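Student: Before I ask anything, here is the structure I am working with.
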Amino acid sequence: MSPRSSPADEWILPILGDLVSSDKVALAVDAIGEDASIWSAAIRLNLASDDDLIAAISRRSRVSIAGSLEVSTEAKTILPERIARKYHVLPLTADTSSIEIATANPYDIDCERTIAFICGRTVRMSLASPMVIAERIAEVYDGVRRMPSRSFDRGFDTIDGETVIKLVDRVVASGIDARASDIHLEPGENGIAVRHRIDGLLRNVALLPIAVGIPLVSRIKIMANLDIADRLRPQGGHTSVGIGGTRVDLRVSTLPASQGEKVVIRILDQRAAIQSLESLGLDEFDAPRMQRLLETREGLVLVTGPTGSGKTTTLYAALREIRRKGLNVITVEDPVEYRIPGIVQVQINDKAGLSFASALRSILRQDPDVVLIGEIRDRETAAIAIQASLTGHLVFATLHTNDACSSITRLTDLGVESGKLGAALKGIIAQRLIRRLCRECRIVANSGAPRQLRPSIAEDVMVFTSTGCEACGMSGYTGRLAITEIVVADAELERAIVSGASADSLATIARRGGSRSLWESGIARLTSGQTSGDELLRVLDQELKPADSAATTELWDLFEKAADKGNSYDSRNAENSSGVTLPHRPMTSIVAGVVDVYVIRPLPGGWKVLVVQRALDTRCPGAWEAIHGKIETGEAPENAAVREVREETGLAVARLYNVTVQPFYLHMFGTVQMAVVFAAFVDEPASVELGEEHQKFDWLSLEEAAERFVWPREREALDHIHRLLRTGDAGPVEDVLRVF
């Protein structure tokens with residue numbers, strides 16, 4: 001092939017080969033026209049369609065397909081026209097750190113580097129046909145009017161009544177099929193943008209012609225019994241549609257904007273909202289605590305979190321559980337979004353004088369066992385809720401606060417007496433919703449967790465990330481799950497509430513009582529492979545990591561004692577195994593999160609020490625070591641030691657001693673790990689059954705074991721153990737070192 005006819009998109013040959021035979025690929029190459037494009041030739045010869053090629057490129061490159069080619073003003077401003085035309089890309093969206101472009105060639109490294117340099121932002125790519133991109137470049141930069149979106153334009157050549165009805169039906173049905181919670185119809189200069197909110201995030205779906213804007217909004221207003229002639233005021237209403245033999249409620253809101261009326265349709269699908277308690281996906285840590293709160297017969301249970309954090313779903317699941325007990329349950333809500341059979345639900349109507357407070361006063365005369373208050377907004381509602389909870393009723397209520405213990409101070413700020421609040425409060429549930437990784441396409445994150453999360457995760461924990469596939473709409477996620485902080489009130493917490501303790505002090509007491517922070521719950525979801533590090537950082541701010549002053553002081557004391565021996569443990573952001581953030585220190589982060597356990601047989605002829613060799617598919621393959629493992633969230637180090645011995649060797653510990661704490665630095669994570677060292681004595685017969693992490697074991701003398709160990713700190717720890725315990729016990733310090 002001559003240089004003149006060498007195709008610009010020669011990279012597409014193996015991808016085209018996945019779709020057609022080699023003879024047809026050769027035919028496409030021979031048919032290259034003046035534009036020197038294999039892509040164009042394949043389309044012209046009907047060997048493949050644009051959609052076929054885009055889908056094949058997406059599968060091979062793991063780059064998602066562009067849902068919409070709408071261009072934001074900021075993206076157009078940032079990316080110069082000459083660059084867009086040179087590399088045949090279309091700027092879509094931009095923020096302070098990234099720019100998204102549509103391209104037909106995700107392998108153009110020169111394009112990515114140039115745009116990143118010029119824009120000063122990370123480049124995110126999505127795929128579109130080169131012909132469509134060329135048309136859109138002309139529309140955006142030359143002012144050529146855009147044709148209707150291919151997703152919705154079939155059959156809408158004329159804007160008559162029947163056509164508009166079909167269009168609205170298709171828009172609503174597509175949103176329900178996509179599991180959207182909301183459908184946004186937003187008028188703009190180029191058309192009516194259709195966007196779906198799926199799993200909490202908006203996705204561009206289509207761009208409808210400008211001409212359908214007014215008829216489209218009018219049809220939706222008619223369905224929701226709104227005034228179609230009034231386009232200057234916000235309106236709200238609701239309607240329902242039949243989908244698959246089930247009625248789905250829709251809540252409609254309109255808002256006048258500069259380009260026309262914006263419409264948001266909230267999809268209230270009973271099938272997705274009214275869930276069982278089990279379907280919430282609470283893990284083994286929080287599920288028993290939730291069940292304990294539901295077994296309470298009286299008192300106040302608060303559910304807190306920002307808008308969209310799943311509070312209503314959690315409350316409805318709780319009511320569904322309580323309803324089975326034959327109790328009289330009444331709710332006060334604004335609005336009542338989902339109907340629950342067997343429960344009386346009261347809709348607030350402020351215009352008619354039916355507020356939360358007035359409704360509650362009437363409800364308490366209806367002999368309720370359980371009362372749900374949609375939201376405590378004022379002092380009067382808070383006072384009635386507290387009084388009801390102190391007079392034999394179980395009251396559930398919601399608040400908007402960042403974490404569990406902040407809701408306590410929020411109620412006292414509203415004027416609730418701390419003495420009554422301390423007596424009434426039974427528990428608090430704070431929560432957020434986080435997207436669940438798609439099981440079809442999730443992969444191990446080769447780069448590990450994001451740097452901000454590494455101090456919270458042990459170095460040998462495997463985390464996952466998203467790639468995108470057809471099953472998840474190329475998003476990498478399907479559905480959401482809750483991360484929760486469940487505080488069960490006890491006597492110490494009640495005394496602190498009565499004394500007017502701060503939110504930080506209350507959080508410290510809650511941790512001592514066994515509660516887990518939102519941050520720790522999120523880390524548990526990450527390390528169990530249910531979500532990604534990027535998603536966790538998107539939902540939770542690192543400031544939500546708990547600050548337990550008592551635990552902080554205790555941990556720093558431990559570090560400073562070690563420092564007296566010549567080691568340095570300064571830190572910028574140190575944490576203990578419970579996720580406690582330590583005071584500012586000027587070096588790196590410190591994590592106390594692992595145990596080293598030296599398993600010993602005290603035989604008449606001398607000690608035998610267990611050494612185990614790591615399997616080839618693990619970190620440090622082939623290395624000989626003592627039993628080493630992670631301290632799980634909320635787990636005491638001594639319990640972790642016993643568990644690791646049982647899981648990795650099958651042995652039962654007869655006597656356990658805590659000996660010392662050893663630091664080691666992990667440069668790839670920027671952390672100083674603190675290993676809590678234990679000596680575990682086992683009885684005969686000491687029959688070992690190795691776990692998956694190890695391939696061989698041996699019982700060696702002290703000298704042989706010290707020689708076999710890879711790490712010098714293991715030889716040092718073994719020497720400490722022998723010096724302290726060589727007589728059979730720890731002598732005068734037995735009561736300090738022996739765990740059991």
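The way I read the labels, and the way they are meant: chains A, B, ... in the order of the structure tokens, residue 1 as the first residue of every chain, and ligand 1 as the first ligand shown, with later ones counted on from there.
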Please provide as a VMD selection string all residues within 9 Å of Val710 (chain A), with the sequence filter that same-chain residues fewer than 6 positions apart are discarded (counting only C-alpha atoms).
Tutor: chain A and resid 623 to 625
Student: Nearest residue to Ala705 (chain A) out of A:Glu734, A:Asp367, A:Glu284, A:Asp719, using only C-alpha atoms?
Tutor: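 For Ala705 (chain A), the nearest of the candidates is A:Asp719.
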Student: Could you work out how far CA of Ile99 (chain A) lies from CA of Thr122 (chain A), giving the answer in Å with one decimal?
Tutor: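 So the answer is 6.3 Å.
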Student: Given only C-alpha atoms as the basis, pick out the residue of A:Ser407, A:Thr467, A:Gln695, A:Ser418 nearest to Arg62 (chain A).
Tutor: A:Thr467
Student: Do you know which residues are at most 9 Å from Ile497 (chain A) counting only C-alpha atoms, after dropping those on the same chain fewer than 5 positions away, and could you put them as an NGL selection string?
Tutor: :A and (408-409 or 418-419 or 421-422 or 492 or 502 or 506)
Student: Please identify all polymer residues within 8 Å of region 362-366 of chain A, counting only C-alpha atoms, omitting same-chain residues fewer than 3 positions from it, and present them as JSON, numbers by chain.
Tutor: {"A": [330, 358, 359, 388]}
Student: Would you write out those residues with N, CA, C and O atoms, as an mmCIF file, in the first residue's frame?
Tutor:
data_model
loop_
_atom_site.group_PDB
_atom_site.id
_atom_site.type_symbol
_atom_site.label_atom_id
_atom_site.label_comp_id
_atom_site.auth_asym_id
_atom_site.auth_seq_id
_atom_site.Cartn_x
_atom_site.Cartn_y
_atom_site.Cartn_z
ATOM 1 N N ILE A 330 -48.635 3.941 62.922
ATOM 2 C CA ILE A 330 -49.118 5.136 62.231
ATOM 3 C C ILE A 330 -47.916 5.984 61.842
ATOM 4 O O ILE A 330 -46.994 6.179 62.645
ATOM 5 N N SER A 358 -49.275 19.105 64.739
ATOM 6 C CA SER A 358 -50.721 18.920 64.935
ATOM 7 C C SER A 358 -51.137 17.488 64.627
ATOM 8 O O SER A 358 -52.005 16.916 65.305
ATOM 9 N N ALA A 359 -50.532 16.887 63.594
ATOM 10 C CA ALA A 359 -50.859 15.494 63.280
ATOM 11 C C ALA A 359 -50.445 14.567 64.413
ATOM 12 O O ALA A 359 -51.182 13.637 64.777
ATOM 13 N N ALA A 388 -43.893 11.335 73.514
ATOM 14 C CA ALA A 388 -44.523 10.079 73.101
ATOM 15 C C ALA A 388 -43.623 8.889 73.403
ATOM 16 O O ALA A 388 -44.090 7.829 73.841
#
Student: So which residues touch Ser40 (chain A) within 12 Å, counting only C-alpha atoms, skipping near sequence neighbours fewer than 4 positions away, as a PyMOL selection string?
Tutor: chain A and resi 7-10+12+16+28-29+31-36+44-50+53+129-132
Student: Can you tell me which residues surround His720 (chain A) at a distance of at most 9 Å, considering only C-alpha atoms, apart from same-chain residues fewer than 5 positions away, and format the answer as a ChimeraX atom specification?
Tutor: /A:659-660,715,725
Student: DSSP on the backbone: what in region 45-163 of chain A comes out strand (DSSP E or B), as a PDB file with N, CA and C atoms, in the first residue's frame?
Tutor:
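Printed below is selection-v5.pdb as written:
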ATOM      1  N   ILE A  65     -19.425   3.730  25.939  1.00  0.00           N
ATOM      2  CA  ILE A  65     -20.029   4.387  24.785  1.00  0.00           C
ATOM      3  C   ILE A  65     -20.722   5.658  25.271  1.00  0.00           C
ATOM      4  N   LEU A  90     -14.838  15.426  20.324  1.00  0.00           N
ATOM      5  CA  LEU A  90     -15.877  16.377  20.713  1.00  0.00           C
ATOM      6  C   LEU A  90     -15.828  16.586  22.220  1.00  0.00           C
ATOM      7  N   PRO A  91     -15.640  17.827  22.699  1.00  0.00           N
ATOM      8  CA  PRO A  91     -15.659  18.058  24.153  1.00  0.00           C
ATOM      9  C   PRO A  91     -17.079  17.934  24.678  1.00  0.00           C
ATOM     10  N   LEU A  92     -17.259  17.179  25.769  1.00  0.00           N
ATOM     11  CA  LEU A  92     -18.600  16.963  26.311  1.00  0.00           C
ATOM     12  C   LEU A  92     -18.818  17.729  27.613  1.00  0.00           C
ATOM     13  N   THR A  93     -18.080  17.381  28.640  1.00  0.00           N
ATOM     14  CA  THR A  93     -18.216  18.045  29.938  1.00  0.00           C
ATOM     15  C   THR A  93     -16.834  18.315  30.513  1.00  0.00           C
ATOM     16  N   ALA A  94     -16.786  19.237  31.457  1.00  0.00           N
ATOM     17  CA  ALA A  94     -15.512  19.560  32.102  1.00  0.00           C
ATOM     18  C   ALA A  94     -15.776  20.077  33.507  1.00  0.00           C
ATOM     19  N   SER A  98     -11.020  17.477  35.364  1.00  0.00           N
ATOM     20  CA  SER A  98     -11.074  16.570  34.225  1.00  0.00           C
ATOM     21  C   SER A  98     -11.915  17.149  33.101  1.00  0.00           C
ATOM     22  N   ILE A  99     -11.712  16.597  31.902  1.00  0.00           N
ATOM     23  CA  ILE A  99     -12.540  16.923  30.741  1.00  0.00           C
ATOM     24  C   ILE A  99     -12.909  15.615  30.057  1.00  0.00           C
ATOM     25  N   GLU A 100     -14.169  15.480  29.681  1.00  0.00           N
ATOM     26  CA  GLU A 100     -14.632  14.292  28.978  1.00  0.00           C
ATOM     27  C   GLU A 100     -14.769  14.607  27.505  1.00  0.00           C
ATOM     28  N   ILE A 101     -14.230  13.732  26.665  1.00  0.00           N
ATOM     29  CA  ILE A 101     -14.316  13.914  25.222  1.00  0.00           C
ATOM     30  C   ILE A 101     -14.925  12.675  24.588  1.00  0.00           C
ATOM     31  N   ALA A 102     -15.598  12.859  23.448  1.00  0.00           N
ATOM     32  CA  ALA A 102     -16.068  11.740  22.636  1.00  0.00           C
ATOM     33  C   ALA A 102     -15.069  11.533  21.509  1.00  0.00           C
ATOM     34  N   THR A 103     -14.669  10.291  21.293  1.00  0.00           N
ATOM     35  CA  THR A 103     -13.689   9.973  20.273  1.00  0.00           C
ATOM     36  C   THR A 103     -14.057   8.646  19.634  1.00  0.00           C
ATOM     37  N   THR A 122      -7.228  15.985  33.599  1.00  0.00           N
ATOM     38  CA  THR A 122      -7.256  14.581  33.211  1.00  0.00           C
ATOM     39  C   THR A 122      -8.290  14.380  32.110  1.00  0.00           C
ATOM     40  N   VAL A 123      -7.949  13.570  31.116  1.00  0.00           N
ATOM     41  CA  VAL A 123      -8.843  13.334  29.986  1.00  0.00           C
ATOM     42  C   VAL A 123      -9.600  12.023  30.192  1.00  0.00           C
ATOM     43  N   ARG A 124     -10.922  12.109  30.140  1.00  0.00           N
ATOM     44  CA  ARG A 124     -11.782  10.915  30.181  1.00  0.00           C
ATOM     45  C   ARG A 124     -12.419  10.742  28.811  1.00  0.00           C
ATOM     46  N   MET A 125     -12.362   9.538  28.268  1.00  0.00           N
ATOM     47  CA  MET A 125     -12.855   9.278  26.920  1.00  0.00           C
ATOM     48  C   MET A 125     -14.148   8.473  26.941  1.00  0.00           C
ATOM     49  N   SER A 126     -15.022   8.735  25.966  1.00  0.00           N
ATOM     50  CA  SER A 126     -16.155   7.880  25.658  1.00  0.00           C
ATOM     51  C   SER A 126     -16.234   7.768  24.146  1.00  0.00           C
ATOM     52  N   LEU A 127     -16.933   6.760  23.659  1.00  0.00           N
ATOM     53  CA  LEU A 127     -16.871   6.413  22.241  1.00  0.00           C
ATOM     54  C   LEU A 127     -18.082   6.893  21.470  1.00  0.00           C
TER      55      LEU A 127
END
Student: If you measure from CA of Ala482 (chain A) to CA of Leu433 (chain A), what distance in Å do you get, rounded to one decimal?
Tutor: 4.7 Å
Student: Any chance you could list, as a PyMOL selection string, the residues in region 219-394 of chain A that come up helix (DSSP H, G or I) when DSSP is run on the backbone?
Tutor: chain A and resi 219-223+270-273+278-280+287-294+311-323+350-352+356-363+379-390
Student: For a quick check of understanding, using only C-alpha atoms, which of A:Cys119, A:Val301, A:Leu394, A:Ile267 has the smallest distance to Ala430 (chain A)?
Tutor: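 Smallest distance to Ala430 (chain A) is found for A:Val301.
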Student: Tell me, as a list in words, which residues lie within 10 Å of Gly533 (chain A), counting only C-alpha atoms; anything in the same chain fewer than 6 positions away does not count.
Tutor: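 So the residues in contact are Ala445, Gly448, Ala449, Pro450, Arg451, Gln452, Leu453, Arg454, Val463, Phe464, Thr465, Ser466, Gly522, Ile523, Arg525, Leu526 and Thr527 of chain A.
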Student: Please report the interatomic distance between CA of Phe396 (chain A) and CA of Leu518 (chain A) in Å with one decimal.
Tutor: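 Result for CA of Phe396 (chain A) versus CA of Leu518 (chain A): 20.4 Å, one decimal.
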Student: Using only C-alpha atoms, which residue out of A:Arg432, A:Leu201, A:Ile384, A:Val609 lies closest to Thr314 (chain A)?
Tutor: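 Closest to Thr314 (chain A), using only C-alpha atoms: A:Arg432.
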Student: Rank A:Tyr665, A:Tyr338, A:Phe356, A:Tyr316 by their smallest atom-to-atom distance to Leu250 (chain A), using only C-alpha atoms, and report the top residue only.
Tutor: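 Result for the nearest residue to Leu250 (chain A): A:Tyr338.
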Student: Which of these, A:Leu651, A:Met290, A:Val194, A:Ala489, has the shortest distance to Val682 (chain A) once you count only C-alpha atoms?
Tutor: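 Comparing A:Leu651, A:Met290, A:Val194, A:Ala489 against Val682 (chain A), the winner is A:Leu651.
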